[in-house]
>>> print(open('structure-v1.cif').read())   # mmCIF, C-alpha atoms
data_data
loop_
_atom_site.group_PDB
_atom_site.id
_atom_site.type_symbol
_atom_site.label_atom_id
_atom_site.label_comp_id
_atom_site.auth_asym_id
_atom_site.auth_seq_id
_atom_site.Cartn_x
_atom_site.Cartn_y
_atom_site.Cartn_z
ATOM 1 C CA MET A 104 -20.651 11.470 8.582
ATOM 2 C CA TYR A 105 -18.124 9.263 6.822
ATOM 3 C CA LYS A 106 -14.671 10.401 5.808
ATOM 4 C CA VAL A 107 -11.591 8.710 4.407
ATOM 5 C CA ASP A 108 -8.726 8.075 6.837
ATOM 6 C CA LYS A 109 -5.178 6.861 6.331
ATOM 7 C CA PRO A 110 -4.163 3.986 8.615
ATOM 8 C CA ILE A 111 -1.061 5.078 10.536
ATOM 9 C CA THR A 112 -0.683 3.175 13.797
ATOM 10 C CA ALA A 113 -0.223 -0.560 14.257
ATOM 11 C CA GLU A 114 -3.763 -0.683 15.658
ATOM 12 C CA ASP A 115 -5.082 1.093 12.547
ATOM 13 C CA PHE A 116 -3.443 -1.461 10.278
ATOM 14 C CA ASP A 117 -4.654 -4.374 12.397
ATOM 15 C CA LYS A 118 -8.257 -3.223 11.919
ATOM 16 C CA TYR A 119 -7.636 -2.465 8.256
ATOM 17 C CA PHE A 120 -6.187 -5.902 7.431
ATOM 18 C CA GLN A 121 -8.765 -7.702 9.566
ATOM 19 C CA PHE A 122 -11.545 -6.055 7.572
ATOM 20 C CA ARG A 123 -9.782 -6.905 4.305
ATOM 21 C CA TRP A 124 -9.519 -10.548 5.285
ATOM 22 C CA GLU A 125 -13.143 -10.761 6.468
ATOM 23 C CA MET A 126 -14.463 -9.163 3.278
ATOM 24 C CA LEU A 127 -12.149 -10.524 0.592
ATOM 25 C CA ARG A 128 -10.602 -13.765 1.835
ATOM 26 C CA LYS A 129 -12.662 -15.355 4.609
ATOM 27 C CA PRO A 130 -15.691 -16.012 2.339
ATOM 28 C CA TRP A 131 -13.421 -18.231 0.217
ATOM 29 C CA ASN A 132 -11.985 -20.088 3.229
ATOM 30 C CA TYR A 133 -8.532 -18.548 2.976
ATOM 31 C CA PRO A 134 -6.578 -18.185 6.249
ATOM 32 C CA GLU A 135 -5.722 -14.938 7.973
ATOM 33 C CA GLY A 136 -2.555 -13.540 6.479
ATOM 34 C CA SER A 137 -3.613 -14.393 2.930
ATOM 35 C CA GLU A 138 -5.047 -10.867 2.599
ATOM 36 C CA LYS A 139 -1.521 -9.371 2.509
ATOM 37 C CA ASP A 140 0.989 -9.359 -0.353
ATOM 38 C CA GLU A 141 4.457 -8.092 -1.189
ATOM 39 C CA TYR A 142 3.245 -4.616 -2.157
ATOM 40 C CA GLU A 143 1.926 -3.485 1.246
ATOM 41 C CA GLN A 144 5.024 -1.443 2.142
ATOM 42 C CA VAL A 145 5.042 0.488 -1.141
ATOM 43 C CA SER A 146 1.282 1.114 -1.258
ATOM 44 C CA GLU A 147 -0.992 3.903 -0.084
ATOM 45 C CA HIS A 148 -3.860 2.607 2.059
ATOM 46 C CA ARG A 149 -7.172 4.297 2.809
ATOM 47 C CA MET A 150 -10.138 3.308 4.995
ATOM 48 C CA VAL A 151 -13.467 4.679 6.181
ATOM 49 C CA LEU A 152 -14.583 4.372 9.817
ATOM 50 C CA ASN A 153 -18.095 4.606 11.238
ATOM 51 C CA THR A 154 -18.987 6.535 14.384
ATOM 52 C CA LYS A 155 -17.998 3.529 16.527
ATOM 53 C CA GLY A 156 -14.524 3.453 15.019
ATOM 54 C CA ASP A 157 -15.191 0.291 13.007
ATOM 55 C CA VAL A 158 -13.745 -0.027 9.506
ATOM 56 C CA VAL A 159 -16.519 -0.055 6.904
ATOM 57 C CA ALA A 160 -14.639 0.525 3.624
ATOM 58 C CA ILE A 161 -11.075 0.115 2.378
ATOM 59 C CA GLY A 162 -8.870 0.386 -0.686
ATOM 60 C CA ARG A 163 -5.226 0.400 -1.734
ATOM 61 C CA VAL A 164 -3.135 1.814 -4.571
ATOM 62 C CA HIS A 165 0.498 1.379 -5.646
ATOM 63 C CA LEU A 166 2.498 2.277 -8.736
ATOM 64 C CA ASN A 167 3.275 -0.436 -11.285
ATOM 65 C CA THR A 168 5.301 2.091 -13.294
ATOM 66 C CA SER A 169 5.765 5.851 -13.054
ATOM 67 C CA GLU A 170 2.713 6.250 -15.323
ATOM 68 C CA GLU A 171 0.441 3.441 -14.066
ATOM 69 C CA ALA A 172 -1.271 3.027 -10.700
ATOM 70 C CA GLN A 173 -2.738 -0.309 -9.575
ATOM 71 C CA LEU A 174 -5.958 -0.254 -7.542
ATOM 72 C CA ARG A 175 -6.547 -3.295 -5.327
ATOM 73 C CA HIS A 176 -8.473 -4.618 -2.345
ATOM 74 C CA MET A 177 -11.526 -2.348 -2.567
ATOM 75 C CA ALA A 178 -14.287 -3.432 -0.182
ATOM 76 C CA VAL A 179 -17.353 -1.927 1.512
ATOM 77 C CA ALA A 180 -19.253 -3.500 4.416
ATOM 78 C CA PRO A 181 -22.641 -4.898 3.315
ATOM 79 C CA ASP A 182 -24.664 -2.793 5.776
ATOM 80 C CA VAL A 183 -23.366 0.517 4.342
ATOM 81 C CA GLN A 184 -23.306 -0.334 0.658
ATOM 82 C CA GLY A 185 -25.174 2.161 -1.498
ATOM 83 C CA LYS A 186 -24.058 5.154 0.586
ATOM 84 C CA GLY A 187 -21.271 6.219 -1.761
ATOM 85 C CA LEU A 188 -18.400 4.920 0.374
ATOM 86 C CA GLY A 189 -16.843 3.036 -2.532
ATOM 87 C CA ARG A 190 -16.723 6.242 -4.574
ATOM 88 C CA LEU A 191 -15.335 8.067 -1.542
ATOM 89 C CA VAL A 192 -12.415 5.647 -1.185
ATOM 90 C CA LEU A 193 -11.841 5.505 -4.933
ATOM 91 C CA SER A 194 -11.712 9.306 -5.205
ATOM 92 C CA ALA A 195 -9.132 9.449 -2.415
ATOM 93 C CA LEU A 196 -6.961 6.800 -4.072
ATOM 94 C CA GLU A 197 -7.237 8.489 -7.463
ATOM 95 C CA ALA A 198 -6.045 11.726 -5.875
ATOM 96 C CA VAL A 199 -3.029 9.877 -4.449
ATOM 97 C CA ALA A 200 -2.248 8.354 -7.840
ATOM 98 C CA ARG A 201 -2.390 11.757 -9.524
ATOM 99 C CA GLN A 202 -0.112 13.264 -6.893
ATOM 100 C CA GLN A 203 2.386 10.481 -7.593
ATOM 101 C CA GLY A 204 2.333 11.301 -11.301
ATOM 102 C CA ALA A 205 0.254 8.384 -12.599
ATOM 103 C CA GLU A 206 -1.524 8.949 -15.885
ATOM 104 C CA ARG A 207 -3.761 5.914 -15.722
ATOM 105 C CA MET A 208 -5.208 3.588 -13.104
ATOM 106 C CA VAL A 209 -5.845 -0.126 -13.581
ATOM 107 C CA THR A 210 -7.817 -2.618 -11.535
ATOM 108 C CA ASN A 211 -8.632 -6.297 -11.981
ATOM 109 C CA SER A 212 -12.356 -6.424 -11.378
ATOM 110 C CA ARG A 213 -14.629 -9.366 -10.677
ATOM 111 C CA GLU A 214 -17.777 -9.397 -12.791
ATOM 112 C CA LEU A 215 -19.853 -8.415 -9.754
ATOM 113 C CA SER A 216 -17.966 -5.129 -9.297
ATOM 114 C CA MET A 217 -17.617 -4.218 -12.985
ATOM 115 C CA PRO A 218 -20.760 -2.012 -13.042
ATOM 116 C CA PHE A 219 -19.337 0.044 -10.152
ATOM 117 C CA PHE A 220 -16.011 0.637 -11.875
ATOM 118 C CA SER A 221 -17.723 1.352 -15.196
ATOM 119 C CA ALA A 222 -19.847 4.011 -13.493
ATOM 120 C CA CYS A 223 -16.626 5.509 -12.093
ATOM 121 C CA GLY A 224 -15.059 5.931 -15.519
ATOM 122 C CA PHE A 225 -13.164 2.632 -15.946
ATOM 123 C CA GLU A 226 -13.226 0.710 -19.228
ATOM 124 C CA ILE A 227 -12.521 -2.972 -19.870
ATOM 125 C CA GLU A 228 -9.133 -3.463 -21.490
ATOM 126 C CA LYS A 229 -8.630 -7.237 -21.382
ATOM 127 C CA GLU A 230 -9.208 -10.358 -19.348
ATOM 128 C CA ALA A 231 -7.057 -10.675 -16.236
ATOM 129 C CA SER A 232 -5.801 -13.705 -14.363
ATOM 130 C CA THR A 233 -8.368 -15.405 -12.135
ATOM 131 C CA GLU A 234 -8.455 -14.471 -8.455
ATOM 132 C CA LEU A 235 -7.968 -17.128 -5.778
ATOM 133 C CA GLY A 236 -7.735 -19.616 -8.624
ATOM 134 C CA LYS A 237 -11.447 -19.495 -9.406
ATOM 135 C CA LEU A 238 -12.912 -15.979 -9.819
ATOM 136 C CA LYS A 239 -12.960 -14.587 -13.348
ATOM 137 C CA ARG A 240 -11.693 -11.023 -13.626
ATOM 138 C CA HIS A 241 -11.257 -8.296 -16.238
ATOM 139 C CA GLN A 242 -8.569 -5.629 -16.252
ATOM 140 C CA MET A 243 -10.237 -2.222 -16.308
ATOM 141 C CA VAL A 244 -8.481 1.055 -17.015
ATOM 142 C CA LYS A 245 -9.174 4.707 -16.302
ATOM 143 C CA LYS A 246 -7.199 7.621 -17.674
ATOM 144 C CA LEU A 247 -6.287 10.095 -14.946
ATOM 145 C CA THR A 248 -5.255 12.927 -17.245
ATOM 146 C CA ASN A 249 -8.838 13.918 -18.077
ATOM 147 C CA PRO A 250 -10.146 16.374 -15.406
ATOM 148 C CA SER A 251 -13.771 15.352 -16.048
ATOM 149 C CA ASN A 252 -12.948 11.890 -14.670
ATOM 150 C CA ILE A 253 -12.900 13.255 -11.121
ATOM 151 C CA LEU A 254 -16.014 15.347 -11.560
ATOM 152 C CA LEU A 255 -19.525 13.984 -11.786
ATOM 153 C CA HIS A 256 -21.489 16.389 -14.016
ATOM 154 C CA PRO A 257 -18.445 18.464 -15.077
ATOM 155 C CA ASP A 258 -20.724 21.038 -16.723
ATOM 156 C CA TRP A 259 -22.421 21.748 -13.375
ATOM 157 C CA CYS A 260 -19.048 21.893 -11.651
ATOM 158 C CA LYS A 261 -17.788 24.427 -14.195
ATOM 159 C CA GLU A 262 -20.943 26.472 -13.683
ATOM 160 C CA LEU A 263 -20.357 26.446 -9.925
ATOM 161 C CA GLN A 264 -16.716 27.492 -10.321
ATOM 162 C CA ASP A 265 -17.714 30.290 -12.709
ATOM 163 C CA THR A 266 -20.496 31.424 -10.357
ATOM 164 C CA TRP A 267 -18.041 31.585 -7.453
ATOM 165 C CA TYR A 268 -15.546 33.670 -9.386
ATOM 166 C CA GLU A 269 -18.117 35.985 -10.982
ATOM 167 C CA ASP A 270 -20.566 36.500 -8.097
ATOM 168 C CA ILE A 271 -18.375 35.870 -5.021
ATOM 169 C CA PRO A 272 -15.010 37.493 -5.884
ATOM 170 C CA ILE A 273 -13.356 36.397 -2.626
ATOM 171 C CA THR A 274 -13.426 32.830 -3.997
ATOM 172 C CA GLU A 275 -10.945 33.648 -6.755
ATOM 173 C CA GLN A 276 -8.838 35.843 -4.455
ATOM 174 C CA MET A 277 -8.479 32.918 -2.036
ATOM 175 C CA GLY A 278 -7.630 30.501 -4.853
ATOM 176 C CA ILE A 279 -10.586 28.251 -4.070
ATOM 177 C CA LYS A 280 -11.091 25.532 -6.655
ATOM 178 C CA LEU A 281 -13.469 22.623 -6.950
ATOM 179 C CA GLU A 282 -11.288 19.510 -6.744
ATOM 180 C CA GLN A 283 -13.707 16.554 -6.775
ATOM 181 C CA TYR A 284 -17.441 15.949 -6.915
ATOM 182 C CA SER A 285 -18.903 12.437 -6.748
ATOM 183 C CA GLY A 286 -22.577 13.243 -6.196
ATOM 184 C CA MET A 287 -22.134 12.269 -2.552
ATOM 185 C CA THR A 288 -19.057 14.330 -1.704
ATOM 186 C CA LEU A 289 -17.706 17.734 -2.701
ATOM 187 C CA GLU A 290 -14.038 18.522 -2.103
ATOM 188 C CA THR A 291 -12.508 21.966 -2.581
ATOM 189 C CA HIS A 292 -8.967 23.253 -2.200
ATOM 190 C CA ALA A 293 -7.619 26.723 -1.465
ATOM 191 C CA SER A 294 -4.214 28.347 -1.903
ATOM 192 C CA LEU A 295 -2.239 28.590 1.336
ATOM 193 C CA ASN A 296 -0.022 31.316 -0.119
ATOM 194 C CA LYS A 297 -3.022 33.561 -0.789
ATOM 195 C CA ASN A 298 -4.372 33.098 2.754
ATOM 196 C CA ILE A 299 -1.253 33.008 4.901
ATOM 197 C CA ASN A 300 -0.802 35.027 8.112
ATOM 198 C CA LEU A 301 2.355 36.255 9.824
ATOM 199 C CA HIS A 302 2.701 32.882 11.580
ATOM 200 C CA GLY A 303 2.926 31.025 8.276
ATOM 201 C CA THR A 304 -0.492 29.427 8.716
ATOM 202 C CA MET A 305 -3.903 30.004 7.132
ATOM 203 C CA PHE A 306 -6.034 32.878 8.420
ATOM 204 C CA ALA A 307 -8.910 31.647 10.582
ATOM 205 C CA GLY A 308 -11.261 33.861 8.567
ATOM 206 C CA SER A 309 -10.087 32.232 5.349
ATOM 207 C CA ILE A 310 -10.766 28.783 6.810
ATOM 208 C CA PHE A 311 -14.284 29.884 7.729
ATOM 209 C CA SER A 312 -14.822 31.273 4.214
ATOM 210 C CA LEU A 313 -13.545 28.063 2.588
ATOM 211 C CA ALA A 314 -15.934 25.999 4.711
ATOM 212 C CA THR A 315 -18.888 28.307 4.018
ATOM 213 C CA LEU A 316 -18.329 28.340 0.272
ATOM 214 C CA THR A 317 -17.928 24.559 0.162
ATOM 215 C CA GLY A 318 -21.245 24.081 1.950
ATOM 216 C CA TRP A 319 -22.796 26.663 -0.386
ATOM 217 C CA GLY A 320 -21.366 24.802 -3.358
ATOM 218 C CA MET A 321 -22.697 21.444 -2.201
ATOM 219 C CA ILE A 322 -26.208 22.879 -1.967
ATOM 220 C CA PHE A 323 -25.783 24.450 -5.433
ATOM 221 C CA LEU A 324 -24.921 21.040 -6.906
ATOM 222 C CA GLN A 325 -27.683 19.239 -5.015
ATOM 223 C CA LEU A 326 -30.197 21.713 -6.429
ATOM 224 C CA LYS A 327 -28.924 20.757 -9.875
ATOM 225 C CA GLU A 328 -29.336 17.074 -8.993
ATOM 226 C CA LYS A 329 -32.979 17.726 -8.044
ATOM 227 C CA GLY A 330 -33.728 19.972 -11.029
ATOM 228 C CA LEU A 331 -34.475 22.927 -8.733
ATOM 229 C CA GLU A 332 -33.417 26.565 -8.542
ATOM 230 C CA GLY A 333 -33.029 28.886 -5.578
ATOM 231 C CA GLU A 334 -30.981 31.629 -3.956
ATOM 232 C CA ILE A 335 -28.593 30.169 -1.360
ATOM 233 C CA VAL A 336 -27.729 32.248 1.702
ATOM 234 C CA LEU A 337 -25.909 31.462 4.931
ATOM 235 C CA GLY A 338 -28.122 31.774 8.003
ATOM 236 C CA ASP A 339 -25.659 30.741 10.710
ATOM 237 C CA GLY A 340 -22.244 29.132 10.905
ATOM 238 C CA ASP A 341 -20.184 27.656 13.717
ATOM 239 C CA ILE A 342 -16.618 26.387 13.380
ATOM 240 C CA HIS A 343 -14.287 24.571 15.757
ATOM 241 C CA TYR A 344 -10.547 24.857 15.121
ATOM 242 C CA HIS A 345 -8.196 22.162 16.400
ATOM 243 C CA LYS A 346 -4.912 22.710 14.562
ATOM 244 C CA PRO A 347 -3.442 25.338 12.212
ATOM 245 C CA ILE A 348 -3.177 24.778 8.481
ATOM 246 C CA THR A 349 0.426 24.807 7.238
ATOM 247 C CA MET A 350 0.261 22.821 3.973
ATOM 248 C CA GLN A 351 -2.745 22.183 1.709
ATOM 249 C CA PRO A 352 -6.127 23.621 2.773
ATOM 250 C CA LYS A 353 -8.952 21.243 1.869
ATOM 251 C CA ALA A 354 -12.677 21.243 2.602
ATOM 252 C CA ILE A 355 -14.971 18.219 2.280
ATOM 253 C CA CYS A 356 -18.765 18.149 2.482
ATOM 254 C CA ASN A 357 -20.563 14.804 2.406
ATOM 255 C CA ILE A 358 -24.258 14.371 1.647
ATOM 256 C CA GLU A 359 -24.497 12.212 4.792
ATOM 257 C CA THR A 360 -24.277 15.427 6.869
ATOM 258 C CA PHE A 361 -27.335 16.991 5.211
ATOM 259 C CA ASN A 362 -30.196 17.683 7.581
ATOM 260 C CA GLY A 363 -33.184 18.778 5.561
ATOM 261 C CA ASN A 364 -34.629 18.314 2.096
ATOM 262 C CA PHE A 365 -36.001 20.544 -0.633
ATOM 263 C CA ASP A 366 -39.714 19.915 -0.110
ATOM 264 C CA ASN A 367 -40.469 23.514 0.901
ATOM 265 C CA LEU A 368 -38.605 24.862 -2.126
ATOM 266 C CA ARG A 369 -40.781 22.734 -4.367
ATOM 267 C CA LYS A 370 -43.741 24.549 -2.790
ATOM 268 C CA LYS A 371 -42.072 27.913 -3.551
ATOM 269 C CA LYS A 372 -41.238 28.437 0.129
ATOM 270 C CA LYS A 373 -37.875 29.112 1.744
ATOM 271 C CA ASN A 374 -36.010 25.930 2.618
ATOM 272 C CA GLN A 375 -33.550 25.296 5.473
ATOM 273 C CA ILE A 376 -30.538 23.002 5.043
ATOM 274 C CA LYS A 377 -28.078 22.136 7.822
ATOM 275 C CA LEU A 378 -24.763 20.527 6.932
ATOM 276 C CA GLN A 379 -21.196 19.919 8.063
ATOM 277 C CA VAL A 380 -17.928 20.688 6.292
ATOM 278 C CA ASP A 381 -14.657 19.119 7.418
ATOM 279 C CA ILE A 382 -11.468 21.121 6.971
ATOM 280 C CA LEU A 383 -8.205 19.280 6.422
ATOM 281 C CA ASP A 384 -4.552 20.214 6.173
ATOM 282 C CA GLY A 385 -3.473 17.735 3.534
ATOM 283 C CA ASP A 386 -4.960 14.500 4.916
ATOM 284 C CA ASN A 387 -5.148 15.701 8.529
ATOM 285 C CA PRO A 388 -8.495 16.945 9.952
ATOM 286 C CA VAL A 389 -8.059 20.359 11.576
ATOM 287 C CA ALA A 390 -11.540 21.918 11.898
ATOM 288 C CA GLU A 391 -15.285 21.254 11.602
ATOM 289 C CA PHE A 392 -17.848 23.735 10.323
ATOM 290 C CA ARG A 393 -21.576 23.385 10.909
ATOM 291 C CA GLY A 394 -23.747 25.680 8.868
ATOM 292 C CA VAL A 395 -27.408 26.589 8.538
ATOM 293 C CA PHE A 396 -28.259 27.679 5.012
ATOM 294 C CA TRP A 397 -31.501 28.956 3.551
ATOM 295 C CA VAL A 398 -32.554 28.366 -0.035
ATOM 296 C CA LEU A 399 -34.998 31.026 -1.208
ATOM 297 C CA PRO A 400 -37.344 30.521 -4.167
ATOM 298 C CA LYS A 401 -36.212 32.417 -7.236
ATOM 299 C CA LYS A 402 -38.301 35.489 -7.881
ATOM 300 C CA THR A 403 -40.300 35.328 -11.086
ATOM 301 C CA SER A 404 -40.269 38.410 -13.284
#
>>> encode(input="structure-v1.cif", output="structure tokens")
Amino acid sequence: MYKVDKPITAEDFDKYFQFRWEMLRKPWNYPEGSEKDEYEQVSEHRMVLNTKGDVVAIGRVHLNTSEEAQLRHMAVAPDVQGKGLGRLVLSALEAVARQQGAERMVTNSRELSMPFFSACGFEIEKEASTELGKLKRHQMVKKLTNPSNILLHPDWCKELQDTWYEDIPITEQMGIKLEQYSGMTLETHASLNKNINLHGTMFAGSIFSLATLTGWGMIFLQLKEKGLEGEIVLGDGDIHYHKPITMQPKAICNIETFNGNFDNLRKKKKNQIKLQVDILDGDNPVAEFRGVFWVLPKKTS
């Protein structure tokens, strides 16, 4: 599974900048060090690691003004392109920009990457200065004040949220809300205040419920993607806790963790799906949930 990390240590940043140079500067014969600029210290950086600990995707955001965030240095390794890692990094950076109060995000895109940004809700505003003195770019803009911009298929997401609240009342009681859906990744948040124990941390049972419902929700949305219907039930769940949650409870499920498909459901048979949900406290991983779900064919009247 891939997840977005924040470089913290000197070693993290060494790997991060090395990848940036190799992807964005080395092909144009620029020396190491040219990948950095004067905004590094005031920027938020994000990266994705593979199972070997190698950086495979990066991105950066900083504020130009209190209302405008600048997205720069997005890159994904060639061997993992097409897996949704660009959207994963972009979603994380958009979340940062929103938290900092930005109302719009701008990026200067090369023509090669314009289709990606267009698919992510950006629109061309004007031509931008050339990059490295030779690459034509366009400034693209995305408004961050429209909630549908962080949700692929907002109608499906609303249906999922309504289904949770109407059919699974504990969801509303826990303050669980769908935060982002990219087609590849579902992120949900819960209210710490509604799930706090006498130690000032989140109840372990609430963490388990958040993870279960996030996995359930990901299957719900994937059924929509496939044009299928079914009753989703939890068969088995296992969770490993590492640290308590004291700030913002988050749950993330990535399509990369799916083990199974919907072939049996298409044949009107019950279908097994295994998946993983990562639980975070803010940006810090604190638990992993592995669930076995069954999707049952809908009964015809």
>>> residues_around(input="structure-v1.cif", residues="segment 139-141 of chain A", least_positions_apart="2", cutoff="10 Å", atoms="all atoms listed in the file", output="list in words")
Phe120, Arg123, Trp124, Glu135, Gly136, Ser137, Glu143, Gln144, Val145, Ser146 and His176 of chain A
>>> closest_residue(input="structure-v1.cif", among="A:Gln264, A:Ser194, A:Gln184, A:Gln202", to="Cys223 of chain A", atoms="only C-alpha atoms")
A:Ser194
>>> residues_around(input="structure-v1.cif", residues="Met321 of chain A", least_positions_apart="5", cutoff="12 Å", atoms="only C-alpha atoms", output="number ranges by chain")
A: 259-260, 263-264, 281, 283-291, 314-316, 326-328, 335, 354-361, 376-380, 394, 396
>>> closest_residue(input="structure-v1.cif", among="A:Leu295, A:Leu301, A:Leu383, A:Ala222", to="Leu255 of chain A", atoms="all atoms listed in the file")
A:Ala222
>>> axis_aligned_box(input="structure-v1.cif", around="segment 178-189 of chain A", padding_each_side="3 Å", output="AutoDock Vina command-line options")
--center_x -19.7 --center_y 0.7 --center_z 1.6 --size_x 16.9 --size_y 17.1 --size_z 14.3
>>> closest_residue(input="structure-v1.cif", among="A:Pro352, A:Tyr344, A:Arg240, A:Pro181", to="Met277 of chain A", atoms="all atoms listed in the file")
A:Pro352
>>> residues_around(input="structure-v1.cif", residues="segment 159-174 of chain A", least_positions_apart="5", cutoff="10 Å", atoms="only C-alpha atoms", output="JSON, numbers by chain")
{"A": [105, 107, 108, 109, 119, 120, 122, 123, 126, 142, 143, 144, 145, 146, 147, 148, 149, 150, 151, 152, 153, 179, 180, 181, 182, 183, 184, 188, 189, 191, 192, 193, 195, 196, 197, 199, 200, 201, 203, 204, 205, 206, 207, 208, 209, 210, 211, 212, 243, 244, 245, 246, 247]}
>>> atom_distance(input="structure-v1.cif", atom1="atom CA of Phe365 of chain A", atom2="atom CA of Asp258 of chain A")
22.2 Å
>>> closest_residue(input="structure-v1.cif", among="A:Asp265, A:Asp341, A:Glu334, A:Asp386", to="Asn374 of chain A", atoms="all atoms listed in the file")
A:Glu334
>>> residues_around(input="structure-v1.cif", residues="Met305 of chain A", least_positions_apart="3", cutoff="12 Å", atoms="all atoms listed in the file", output="ChimeraX atom specification")
/A:277,293-302,308-313,344,346-353,382-384,389
>>> atom_distance(input="structure-v1.cif", atom1="atom CA of Glu125 of chain A", atom2="atom CA of Asp157 of chain A")
13.0 Å
